[in-house]
Amino acid sequence: MPVDGSWSLQDGKTVVFTPEQPFVEEQYSLQVTGRDILGNARPASLRFTYDTTPPLTPTVNPVQSPTSFIRQTLSGTKEINSSIRINSSIVIPVDGQTDWSYSLRLAEGANSFVIDTLDRAGNISGSVST
């Protein structure tokens, strides 16, 4: 699907495309041809997916609490092609799995964790607190 818009050159080296209408979520193909001052041409193409939809909120299986163990394994399910973040740190990178588990060290006393997922486009899911 063609997308109307305008092209500009910033700082003499960065090409910027500004669409007339906001992108809708789907796959796009881009074909451009660069030409130097002598008229030599070099074509290039690029495919990308515009994605603003956050992944589904992960599930977290019940854990034993209270516990006297220093380590606790958190586990659950997540959307395929997303990562698991615990307290905003990625602990399981983006992968093709839907099941996940992560072992962490507990501090003495109450331990609170906020778990969410992050997809390749940078969209963050809803969170689960433990």
# chains A, B, ... in the order shown; residues from 1 in each chain; ligands from 1

call {"tool": "residues_around", "arguments": {"residues": "stretch 64-79 of chain A", "least_positions_apart": "2", "cutoff": "6 Å", "atoms": "only C-alpha atoms", "output": "number ranges by chain"}}
result
A: 58-61, 82, 98-106

call {"tool": "residues_around", "arguments": {"residues": "stretch 37-48 of chain A", "least_positions_apart": "6", "cutoff": "7 Å", "atoms": "only C-alpha atoms", "output": "VMD selection string"}}
result
chain A and resid 27 to 31

call {"tool": "write_last_selection", "arguments": {"atoms": "N, CA, C and O atoms", "output": "PDB file, in the first residue's frame"}}
result
ATOM      1  N   GLN A  27       2.614  -4.419   7.966  1.00  0.00           N
ATOM      2  CA  GLN A  27       3.941  -4.506   7.378  1.00  0.00           C
ATOM      3  C   GLN A  27       4.057  -3.508   6.230  1.00  0.00           C
ATOM      4  O   GLN A  27       3.107  -3.307   5.481  1.00  0.00           O
ATOM      5  N   TYR A  28       5.241  -2.919   6.113  1.00  0.00           N
ATOM      6  CA  TYR A  28       5.513  -1.960   5.061  1.00  0.00           C
ATOM      7  C   TYR A  28       6.783  -2.372   4.323  1.00  0.00           C
ATOM      8  O   TYR A  28       7.673  -2.989   4.903  1.00  0.00           O
ATOM      9  N   SER A  29       6.848  -1.988   3.051  1.00  0.00           N
ATOM     10  CA  SER A  29       8.056  -2.159   2.240  1.00  0.00           C
ATOM     11  C   SER A  29       8.479  -0.786   1.758  1.00  0.00           C
ATOM     12  O   SER A  29       7.637   0.029   1.380  1.00  0.00           O
ATOM     13  N   LEU A  30       9.761  -0.562   1.757  1.00  0.00           N
ATOM     14  CA  LEU A  30      10.297   0.719   1.328  1.00  0.00           C
ATOM     15  C   LEU A  30      11.340   0.458   0.253  1.00  0.00           C
ATOM     16  O   LEU A  30      12.224  -0.382   0.433  1.00  0.00           O
ATOM     17  N   GLN A  31      11.208   1.129  -0.873  1.00  0.00           N
ATOM     18  CA  GLN A  31      12.214   1.072  -1.927  1.00  0.00           C
ATOM     19  C   GLN A  31      12.660   2.500  -2.216  1.00  0.00           C
ATOM     20  O   GLN A  31      11.819   3.371  -2.468  1.00  0.00           O
TER      21      GLN A  31
END

call {"tool": "atom_distance", "arguments": {"atom1": "atom CA of A:Tyr50", "atom2": "atom CA of A:Gly12"}}
result
26.5 Å

call {"tool": "residues_around", "arguments": {"residues": "stretch 116-125 of chain A", "least_positions_apart": "2", "cutoff": "6 Å", "atoms": "only C-alpha atoms", "output": "PyMOL selection string"}}
result
chain A and resi 54-57+82-85+127

call {"tool": "write_last_selection", "arguments": {"atoms": "C-alpha atoms", "output": "PDB file, in the first residue's frame"}}
result
ATOM      1  CA  PRO A  54       1.480  -4.116  23.803  1.00  0.00           C
ATOM      2  CA  PRO A  55       1.931  -7.827  24.477  1.00  0.00           C
ATOM      3  CA  LEU A  56      -0.505  -9.623  26.748  1.00  0.00           C
ATOM      4  CA  THR A  57       0.068  -9.334  30.491  1.00  0.00           C
ATOM      5  CA  SER A  82       8.350 -11.082  24.122  1.00  0.00           C
ATOM      6  CA  SER A  83      10.751 -10.796  27.048  1.00  0.00           C
ATOM      7  CA  ILE A  84      10.128 -10.967  30.790  1.00  0.00           C
ATOM      8  CA  ARG A  85      11.040  -7.958  32.915  1.00  0.00           C
ATOM      9  CA  SER A 127       2.115  -5.774  34.940  1.00  0.00           C
TER      10      SER A 127
END

call {"tool": "residues_around", "arguments": {"residues": "A:Asn81", "least_positions_apart": "3", "cutoff": "7 Å", "atoms": "only C-alpha atoms", "output": "list in words"}}
result
Val94, Asp95, Gly96 and Asp119 of chain A

call {"tool": "write_last_selection", "arguments": {"atoms": "all heavy atoms", "output": "short mmCIF file (atom, residue, chain, number, x, y, z; two decimals), in the first residue's frame"}}
result
data_model
loop_
_atom_site.label_atom_id
_atom_site.label_comp_id
_atom_site.auth_asym_id
_atom_site.auth_seq_id
_atom_site.Cartn_x
_atom_site.Cartn_y
_atom_site.Cartn_z
N VAL A 94 13.79 -11.62 24.59
CA VAL A 94 12.76 -11.98 23.62
C VAL A 94 13.09 -13.36 23.05
O VAL A 94 14.22 -13.62 22.65
CB VAL A 94 12.71 -10.94 22.47
CG1 VAL A 94 11.81 -11.42 21.34
CG2 VAL A 94 12.26 -9.60 22.99
N ASP A 95 12.09 -14.23 23.06
CA ASP A 95 12.28 -15.57 22.49
C ASP A 95 10.94 -16.08 21.98
O ASP A 95 9.92 -15.44 22.13
CB ASP A 95 12.92 -16.53 23.50
CG ASP A 95 12.06 -16.79 24.73
OD1 ASP A 95 10.82 -16.59 24.68
OD2 ASP A 95 12.62 -17.20 25.77
N GLY A 96 10.98 -17.24 21.37
CA GLY A 96 9.78 -17.84 20.79
C GLY A 96 9.01 -18.71 21.75
O GLY A 96 8.12 -19.44 21.33
N ASP A 119 7.96 -6.34 24.08
CA ASP A 119 8.12 -6.98 22.77
C ASP A 119 9.23 -6.30 21.98
O ASP A 119 9.84 -5.33 22.44
CB ASP A 119 6.79 -7.04 22.01
CG ASP A 119 6.24 -5.69 21.60
OD1 ASP A 119 6.99 -4.68 21.62
OD2 ASP A 119 5.06 -5.64 21.23
#
